Amino acid sequence: MSYGLIAVIIVIGIVIGAIATKKCEPFLIAGSIIGALFLYKQNFITEWVATLEEVMSAEAYLILVCGLFGSIIALLTASKGHFGFAKIVSKICNTEKKTLFTTFILGVIIFIDDYLNVLSIGTAMKKVYDKVKVPREALAYLLDSTGSPVCVMFPFSSWAAYFGAIFFAQESVQALGAKTWMGAYIKAIPFCVYPIVALLIVILFSAGLFPKLGGMKKAYDRVAATGKVYSDASKKYNMDDAEGEQDGNILNFLIPMLVLVVVACVTGNLVVAQVVCLAVTLVMYLSEKLMTFTEYWDNFVKGFADMLPIIILLIAALTFQTIASNMQMTEFFIDLTQPILSAKIFPMLAFIITGILAFMIANAWGVCTLVAPVLLPLGASVGANAILIMAAILSGCAFGNHACFYCDTTVLASQGSGIDNFDHAVSQLPYVLIGAAVSIVGFLVLGFVY
């Protein structure tokens, strides 16, 4: 018996609950339990636990990838290697353009994780911006724009590991011929319109070739009129004038990052690359007496623990995905919508749907787990290009993560820049909306071309 309609109703409930509470995990767990109740009747608890165990066993590799990424990020942060950037860039950044371009370049270099990107660069660059009288709103905008958009464009980031695994669970993605999730993910990168457009706007903005709009223009006008690099509402975030002036060796950041990328490329195994990277940090940080072994281990454990919410989300999402698949949700949704859908406009619709949900829920990773199991099979049923659908989902999630004023990375960009979150959200909004509009047109064109 097909329970496809019930599964769709459960998904709607999950989306509503996630929007209302900004939490996906509890509703995914509850949804999978309710689905198991319909599927397995009185044996639902036993079968639900069995499904949970199967998912955790099958996804042990991804769990390790996520957890070890957390450990690496914590250790890189504790090493204060990113402060080494400050010493170098303070000598280079003596004009607005140099300062903005340096921020952009650093954002591309620190691609491993958007949290690490936003917080490390913000801490290192705040005083540089103040020195050359560039508004902190511009710093926050560049941090946010080189956070998730950059992480999407690199297959060695925490975003790639998570999204790639979600995508590779779908038959239409496996049919592309890639042997691993990374291979499938790489196919989508050139078509990720929103991240590409967002980064192009940042380049033009940094070069002075893109106009100052809305709140950003007001911020620049404020600096010109008063010399204040942040608004009065942001004073409370800048009480410590010495913040961000710590010392650090840039090699303590660059060498482990280089090792991670090179080993991942050579072996094709991200866990192996992470283990080698961790071994390198252990030798470097202890030999330099940056920390004791106890401090190293505490940072390792703390970083792994910091990724537990992501790991829980992943397990909850894949468990629900398995239950929903057994309920034949995809087949029901395809039968219902196939007659009215077109392969040519599907990538554009996928971007719009994903972007709206990511903006409302403020959880790009959670949104991917909700939409990928529906949009990818549905797109395959109407003949849409699976690579474009993956790119549309990635772009929609990056847009939502970038645009939502209560999203974690938006809040962290404000925190890293030392400004009020509302000031940041308003000042970057015009650029985000322009990027979204171009992306809609871009996916429409790509849908007709491919």
# chains A, B, ... in the order shown; residues from 1 in each chain; ligands from 1
call {"tool": "residues_around", "arguments": {"residues": "range 29-43 of chain A", "least_positions_apart": "6", "cutoff": "9 Å", "atoms": "only C-alpha atoms", "output": "mmCIF file with N, CA and C atoms, in the first residue's frame"}}
result
data_model
loop_
_atom_site.group_PDB
_atom_site.id
_atom_site.type_symbol
_atom_site.label_atom_id
_atom_site.label_comp_id
_atom_site.auth_asym_id
_atom_site.auth_seq_id
_atom_site.Cartn_x
_atom_site.Cartn_y
_atom_site.Cartn_z
ATOM 1 N N MET A 1 0.842 -1.204 0.000
ATOM 2 C CA MET A 1 0.000 0.000 0.000
ATOM 3 C C MET A 1 0.875 1.250 0.000
ATOM 4 N N TYR A 3 1.655 5.060 0.888
ATOM 5 C CA TYR A 3 1.304 6.112 1.853
ATOM 6 C C TYR A 3 1.882 7.445 1.383
ATOM 7 N N ILE A 6 0.211 10.661 2.646
ATOM 8 C CA ILE A 6 0.501 10.883 4.070
ATOM 9 C C ILE A 6 1.922 11.411 4.241
ATOM 10 N N ALA A 7 2.861 10.868 3.465
ATOM 11 C CA ALA A 7 4.248 11.332 3.546
ATOM 12 C C ALA A 7 4.362 12.803 3.151
ATOM 13 N N ILE A 10 3.142 14.864 5.948
ATOM 14 C CA ILE A 10 4.175 14.908 7.000
ATOM 15 C C ILE A 10 5.256 15.923 6.643
ATOM 16 N N VAL A 11 5.675 15.942 5.367
ATOM 17 C CA VAL A 11 6.691 16.906 4.931
ATOM 18 C C VAL A 11 6.210 18.335 5.126
ATOM 19 N N GLY A 13 4.088 19.344 7.304
ATOM 20 C CA GLY A 13 4.149 19.599 8.742
ATOM 21 C C GLY A 13 5.560 19.896 9.212
ATOM 22 N N ILE A 14 6.534 19.172 8.652
ATOM 23 C CA ILE A 14 7.937 19.409 9.013
ATOM 24 C C ILE A 14 8.359 20.815 8.602
ATOM 25 N N ALA A 316 18.999 12.521 11.272
ATOM 26 C CA ALA A 316 17.541 12.694 11.290
ATOM 27 C C ALA A 316 16.990 12.819 9.878
ATOM 28 N N ALA A 317 17.704 13.579 9.037
ATOM 29 C CA ALA A 317 17.243 13.803 7.663
ATOM 30 C C ALA A 317 17.276 12.518 6.844
ATOM 31 N N THR A 319 17.284 9.458 7.979
ATOM 32 C CA THR A 319 16.311 8.499 8.516
ATOM 33 C C THR A 319 14.924 8.808 7.977
ATOM 34 N N PHE A 320 14.549 10.087 8.010
ATOM 35 C CA PHE A 320 13.244 10.454 7.451
ATOM 36 C C PHE A 320 13.202 10.180 5.955
ATOM 37 N N GLN A 321 14.296 10.464 5.268
ATOM 38 C CA GLN A 321 14.358 10.228 3.825
ATOM 39 C C GLN A 321 14.106 8.750 3.513
ATOM 40 N N THR A 322 14.674 7.853 4.329
ATOM 41 C CA THR A 322 14.482 6.417 4.126
ATOM 42 C C THR A 322 13.029 6.014 4.374
ATOM 43 N N ILE A 323 12.465 6.525 5.468
ATOM 44 C CA ILE A 323 11.062 6.216 5.791
ATOM 45 C C ILE A 323 10.141 6.752 4.705
ATOM 46 N N ALA A 324 10.374 8.003 4.282
ATOM 47 C CA ALA A 324 9.530 8.617 3.248
ATOM 48 C C ALA A 324 9.628 7.855 1.932
ATOM 49 N N ASN A 326 10.190 4.642 1.644
ATOM 50 C CA ASN A 326 9.403 3.420 1.822
ATOM 51 C C ASN A 326 7.902 3.694 1.748
ATOM 52 N N MET A 327 7.520 4.930 2.061
ATOM 53 C CA MET A 327 6.103 5.316 1.959
ATOM 54 C C MET A 327 5.722 5.712 0.530
#
call {"tool": "closest_residue", "arguments": {"among": "A:Lys289, A:Lys23, A:Lys131, A:Lys302", "to": "Glu96 in chain A", "atoms": "only C-alpha atoms"}}
result
A:Lys131
call {"tool": "atom_distance", "arguments": {"atom1": "CA of Thr354 in chain A", "atom2": "CA of Tyr185 in chain A"}}
result
17.3 Å
call {"tool": "residues_around", "arguments": {"residues": "Tyr220 in chain A", "least_positions_apart": "5", "cutoff": "10 Å", "atoms": "only C-alpha atoms", "output": "list of chain:residue names"}}
result
A:Lys133, A:Val134, A:Pro135, A:Arg136, A:Glu137, A:Ala138, A:Lys212, A:Leu213, A:Gly215, A:Ala225, A:Gly227, A:Lys228, A:Val229, A:Tyr230
call {"tool": "select_by_dssp", "arguments": {"residues": "range 303-421 of chain A", "states": "alpha helix (DSSP H)", "output": "number ranges by chain"}}
result
A: 303-306, 308-326, 329-337, 346-361, 364-381, 386-403, 408-417, 421
call {"tool": "write_last_selection", "arguments": {"atoms": "C-alpha atoms", "output": "tab-separated table (two decimals), in the first residue's frame"}}
result
chain	number	residue	atom	x	y	z
A	303	GLY	CA	35.44	20.86	17.78
A	304	PHE	CA	33.98	17.41	17.18
A	305	ALA	CA	31.23	18.15	19.70
A	306	ASP	CA	30.46	21.46	17.98
A	308	LEU	CA	27.02	17.24	16.76
A	309	PRO	CA	24.02	19.42	15.79
A	310	ILE	CA	24.99	18.95	12.12
A	311	ILE	CA	25.51	15.21	12.61
A	312	ILE	CA	22.14	14.91	14.35
A	313	LEU	CA	20.51	16.86	11.53
A	314	LEU	CA	22.15	14.59	8.97
A	315	ILE	CA	21.06	11.38	10.70
A	316	ALA	CA	17.54	12.69	11.29
A	317	ALA	CA	17.24	13.80	7.66
A	318	LEU	CA	18.49	10.55	6.17
A	319	THR	CA	16.31	8.50	8.52
A	320	PHE	CA	13.24	10.45	7.45
A	321	GLN	CA	14.36	10.23	3.82
A	322	THR	CA	14.48	6.42	4.13
A	323	ILE	CA	11.06	6.22	5.79
A	324	ALA	CA	9.53	8.62	3.25
A	325	SER	CA	11.00	6.58	0.42
A	326	ASN	CA	9.40	3.42	1.82
A	329	MET	CA	6.34	9.77	-1.28
A	330	THR	CA	8.44	10.50	-4.34
A	331	GLU	CA	6.30	8.31	-6.59
A	332	PHE	CA	3.13	10.01	-5.34
A	333	PHE	CA	4.55	13.51	-5.82
A	334	ILE	CA	5.80	12.66	-9.30
A	335	ASP	CA	2.44	11.21	-10.39
A	336	LEU	CA	0.69	14.32	-9.07
A	337	THR	CA	2.88	17.03	-10.58
A	346	PHE	CA	12.47	23.05	-13.55
A	347	PRO	CA	15.97	24.25	-12.51
A	348	MET	CA	14.63	27.80	-12.12
A	349	LEU	CA	11.69	26.57	-10.01
A	350	ALA	CA	14.06	24.45	-7.92
A	351	PHE	CA	16.18	27.54	-7.18
A	352	ILE	CA	13.13	29.65	-6.23
A	353	ILE	CA	11.58	26.97	-4.01
A	354	THR	CA	14.86	26.17	-2.25
A	355	GLY	CA	15.77	29.84	-1.83
A	356	ILE	CA	12.41	30.74	-0.27
A	357	LEU	CA	12.53	27.81	2.14
A	358	ALA	CA	16.17	28.50	3.08
A	359	PHE	CA	15.33	32.15	3.74
A	360	MET	CA	12.31	31.28	5.92
A	361	ILE	CA	13.84	28.40	7.84
A	364	ALA	CA	20.39	25.83	4.47
A	365	TRP	CA	21.55	22.33	5.38
A	366	GLY	CA	18.16	21.41	6.77
A	367	VAL	CA	16.41	22.72	3.66
A	368	CYS	CA	18.63	20.60	1.43
A	369	THR	CA	17.60	17.49	3.31
A	370	LEU	CA	13.95	18.41	2.77
A	371	VAL	CA	14.02	19.35	-0.91
A	372	ALA	CA	16.70	17.10	-2.44
A	373	PRO	CA	14.74	13.82	-2.01
A	374	VAL	CA	11.74	15.48	-3.70
A	375	LEU	CA	13.19	17.79	-6.36
A	376	LEU	CA	15.83	15.44	-7.77
A	377	PRO	CA	13.47	12.49	-8.46
A	378	LEU	CA	10.76	14.88	-9.62
A	379	GLY	CA	13.16	16.58	-12.00
A	380	ALA	CA	14.31	13.21	-13.33
A	381	SER	CA	10.69	12.24	-14.00
A	386	ALA	CA	20.12	16.44	-12.54
A	387	ILE	CA	23.33	18.49	-12.50
A	388	LEU	CA	21.34	21.72	-12.91
A	389	ILE	CA	18.93	20.66	-10.16
A	390	MET	CA	21.84	20.05	-7.76
A	391	ALA	CA	23.27	23.44	-8.71
A	392	ALA	CA	19.86	25.09	-8.22
A	393	ILE	CA	19.50	23.55	-4.74
A	394	LEU	CA	23.02	24.64	-3.80
A	395	SER	CA	22.35	28.14	-5.14
A	396	GLY	CA	19.01	28.41	-3.36
A	397	CYS	CA	20.56	27.32	-0.07
A	398	ALA	CA	23.44	29.78	-0.49
A	399	PHE	CA	20.95	32.57	-1.26
A	400	GLY	CA	18.78	31.80	1.77
A	401	ASN	CA	21.84	31.56	3.99
A	402	HIS	CA	23.08	34.89	2.63
A	403	ALA	CA	19.79	36.79	2.67
A	408	ASP	CA	23.62	31.83	11.75
A	409	THR	CA	26.24	33.00	9.25
A	410	THR	CA	24.57	36.40	8.89
A	411	VAL	CA	24.65	36.81	12.66
A	412	LEU	CA	28.27	35.62	12.78
A	413	ALA	CA	29.25	38.05	10.00
A	414	SER	CA	27.80	40.86	12.11
A	415	GLN	CA	29.58	39.54	15.18
A	416	GLY	CA	32.88	39.14	13.35
A	417	SER	CA	32.61	42.70	12.01
A	421	ASN	CA	22.98	42.53	12.90
call {"tool": "atom_distance", "arguments": {"atom1": "CA of Cys24 in chain A", "atom2": "CA of Ile434 in chain A"}}
result
28.4 Å
call {"tool": "atom_distance", "arguments": {"atom1": "CA of Ala188 in chain A", "atom2": "CA of Ser148 in chain A"}}
result
15.5 Å
call {"tool": "closest_residue", "arguments": {"among": "A:Ile9, A:Val382, A:Leu429, A:Leu204", "to": "Phe405 in chain A", "atoms": "only C-alpha atoms"}}
result
A:Leu429
call {"tool": "closest_residue", "arguments": {"among": "A:Leu278, A:Cys192, A:Ala50, A:Val262", "to": "Phe300 in chain A", "atoms": "only C-alpha atoms"}}
result
A:Leu278
call {"tool": "residues_around", "arguments": {"residues": "Ile255 in chain A", "least_positions_apart": "6", "cutoff": "12 Å", "atoms": "only C-alpha atoms", "output": "PyMOL selection string"}}
result
chain A and resi 76+81-82+249+261-262+276-281+283-285
call {"tool": "write_last_selection", "arguments": {"atoms": "C-alpha atoms", "output": "PDB file, in the first residue's frame"}}
result
ATOM      1  CA  LEU A  76      43.023  26.084  13.476  1.00  0.00           C
ATOM      2  CA  GLY A  81      47.202  31.361  12.713  1.00  0.00           C
ATOM      3  CA  HIS A  82      44.586  33.605  11.151  1.00  0.00           C
ATOM      4  CA  ASN A 249      51.827  32.663  12.669  1.00  0.00           C
ATOM      5  CA  VAL A 261      43.604  19.763   0.091  1.00  0.00           C
ATOM      6  CA  VAL A 262      46.625  17.941  -1.373  1.00  0.00           C
ATOM      7  CA  VAL A 276      46.813  13.493   8.046  1.00  0.00           C
ATOM      8  CA  CYS A 277      45.904  17.158   8.567  1.00  0.00           C
ATOM      9  CA  LEU A 278      45.263  16.514  12.267  1.00  0.00           C
ATOM     10  CA  ALA A 279      48.589  14.693  12.586  1.00  0.00           C
ATOM     11  CA  VAL A 280      50.355  17.684  11.031  1.00  0.00           C
ATOM     12  CA  THR A 281      48.631  20.115  13.422  1.00  0.00           C
ATOM     13  CA  VAL A 283      53.264  17.950  15.447  1.00  0.00           C
ATOM     14  CA  MET A 284      53.294  21.643  14.574  1.00  0.00           C
ATOM     15  CA  TYR A 285      51.336  23.021  17.495  1.00  0.00           C
TER      16      TYR A 285
END
call {"tool": "residues_around", "arguments": {"residues": "Met291 in chain A", "least_positions_apart": "4", "cutoff": "10 Å", "atoms": "only C-alpha atoms", "output": "ChimeraX atom specification"}}
result
/A:75,78-79,282,284-287,295-297,299
call {"tool": "closest_residue", "arguments": {"among": "A:Phe253, A:Phe443, A:Phe168, A:Phe293", "to": "Ile345 in chain A", "atoms": "only C-alpha atoms"}}
result
A:Phe443
call {"tool": "decode", "arguments": {"residues": "range 214-244 of chain A", "atoms": "N, CA and C atoms", "output": "tab-separated table (two decimals), in the first residue's frame"}}
result
chain	number	residue	atom	x	y	z
A	214	GLY	N	21.30	51.50	-1.08
A	214	GLY	CA	20.53	51.35	0.15
A	214	GLY	C	21.32	51.64	1.41
A	215	GLY	N	21.28	50.68	2.33
A	215	GLY	CA	21.96	50.83	3.61
A	215	GLY	C	23.46	50.96	3.48
A	216	MET	N	24.03	50.36	2.44
A	216	MET	CA	25.48	50.48	2.23
A	216	MET	C	25.85	51.91	1.87
A	217	LYS	N	25.05	52.54	1.04
A	217	LYS	CA	25.30	53.94	0.68
A	217	LYS	C	25.22	54.84	1.92
A	218	LYS	N	24.23	54.57	2.76
A	218	LYS	CA	24.09	55.35	3.99
A	218	LYS	C	25.31	55.16	4.90
A	219	ALA	N	25.85	53.94	4.92
A	219	ALA	CA	27.03	53.68	5.75
A	219	ALA	C	28.24	54.46	5.24
A	220	TYR	N	28.43	54.46	3.94
A	220	TYR	CA	29.54	55.23	3.36
A	220	TYR	C	29.34	56.74	3.57
A	221	ASP	N	28.09	57.20	3.47
A	221	ASP	CA	27.80	58.61	3.73
A	221	ASP	C	28.09	58.97	5.18
A	222	ARG	N	27.79	58.06	6.09
A	222	ARG	CA	28.06	58.30	7.51
A	222	ARG	C	29.55	58.46	7.77
A	223	VAL	N	30.37	57.58	7.15
A	223	VAL	CA	31.82	57.67	7.33
A	223	VAL	C	32.34	58.99	6.76
A	224	ALA	N	31.83	59.37	5.61
A	224	ALA	CA	32.28	60.61	4.97
A	224	ALA	C	31.92	61.83	5.82
A	225	ALA	N	30.75	61.78	6.46
A	225	ALA	CA	30.27	62.94	7.21
A	225	ALA	C	30.81	63.00	8.62
A	226	THR	N	30.96	61.85	9.27
A	226	THR	CA	31.32	61.82	10.70
A	226	THR	C	32.62	61.10	11.01
A	227	GLY	N	33.10	60.26	10.08
A	227	GLY	CA	34.29	59.45	10.34
A	227	GLY	C	34.00	58.19	11.12
A	228	LYS	N	32.72	57.95	11.46
A	228	LYS	CA	32.35	56.76	12.23
A	228	LYS	C	32.24	55.55	11.31
A	229	VAL	N	33.02	54.51	11.61
A	229	VAL	CA	33.02	53.32	10.75
A	229	VAL	C	31.89	52.35	11.11
A	230	TYR	N	31.20	52.62	12.19
A	230	TYR	CA	30.01	51.85	12.53
A	230	TYR	C	29.00	52.77	13.20
A	231	SER	N	27.74	52.35	13.19
A	231	SER	CA	26.66	53.19	13.70
A	231	SER	C	26.66	53.21	15.23
A	232	ASP	N	25.87	54.10	15.79
A	232	ASP	CA	25.75	54.18	17.25
A	232	ASP	C	25.18	52.88	17.82
A	233	ALA	N	24.33	52.21	17.02
A	233	ALA	CA	23.74	50.94	17.49
A	233	ALA	C	24.79	49.85	17.66
A	234	SER	N	25.96	50.05	17.04
A	234	SER	CA	27.01	49.02	17.08
A	234	SER	C	28.09	49.31	18.13
A	235	LYS	N	27.93	50.39	18.87
A	235	LYS	CA	28.96	50.76	19.86
A	235	LYS	C	29.17	49.66	20.89
A	236	LYS	N	28.06	49.02	21.28
A	236	LYS	CA	28.17	48.01	22.34
A	236	LYS	C	28.98	46.79	21.92
A	237	TYR	N	29.20	46.62	20.62
A	237	TYR	CA	29.99	45.49	20.14
A	237	TYR	C	31.47	45.83	19.99
A	238	ASN	N	31.85	47.04	20.35
A	238	ASN	CA	33.22	47.49	20.13
A	238	ASN	C	33.78	48.17	21.37
A	239	MET	N	33.48	47.62	22.51
A	239	MET	CA	33.95	48.20	23.76
A	239	MET	C	35.43	47.92	24.01
A	240	ASP	N	35.93	46.80	23.47
A	240	ASP	CA	37.33	46.42	23.67
A	240	ASP	C	38.14	46.83	22.45
A	241	ASP	N	38.91	47.89	22.58
A	241	ASP	CA	39.68	48.40	21.45
A	241	ASP	C	40.84	47.49	21.06
A	242	ALA	N	41.24	46.61	21.96
A	242	ALA	CA	42.38	45.74	21.66
A	242	ALA	C	41.96	44.47	20.95
A	243	GLU	N	40.66	44.26	20.81
A	243	GLU	CA	40.17	43.03	20.19
A	243	GLU	C	40.71	42.90	18.77
A	244	GLY	N	41.19	41.69	18.46
A	244	GLY	CA	41.66	41.42	17.11
A	244	GLY	C	43.12	41.78	16.89
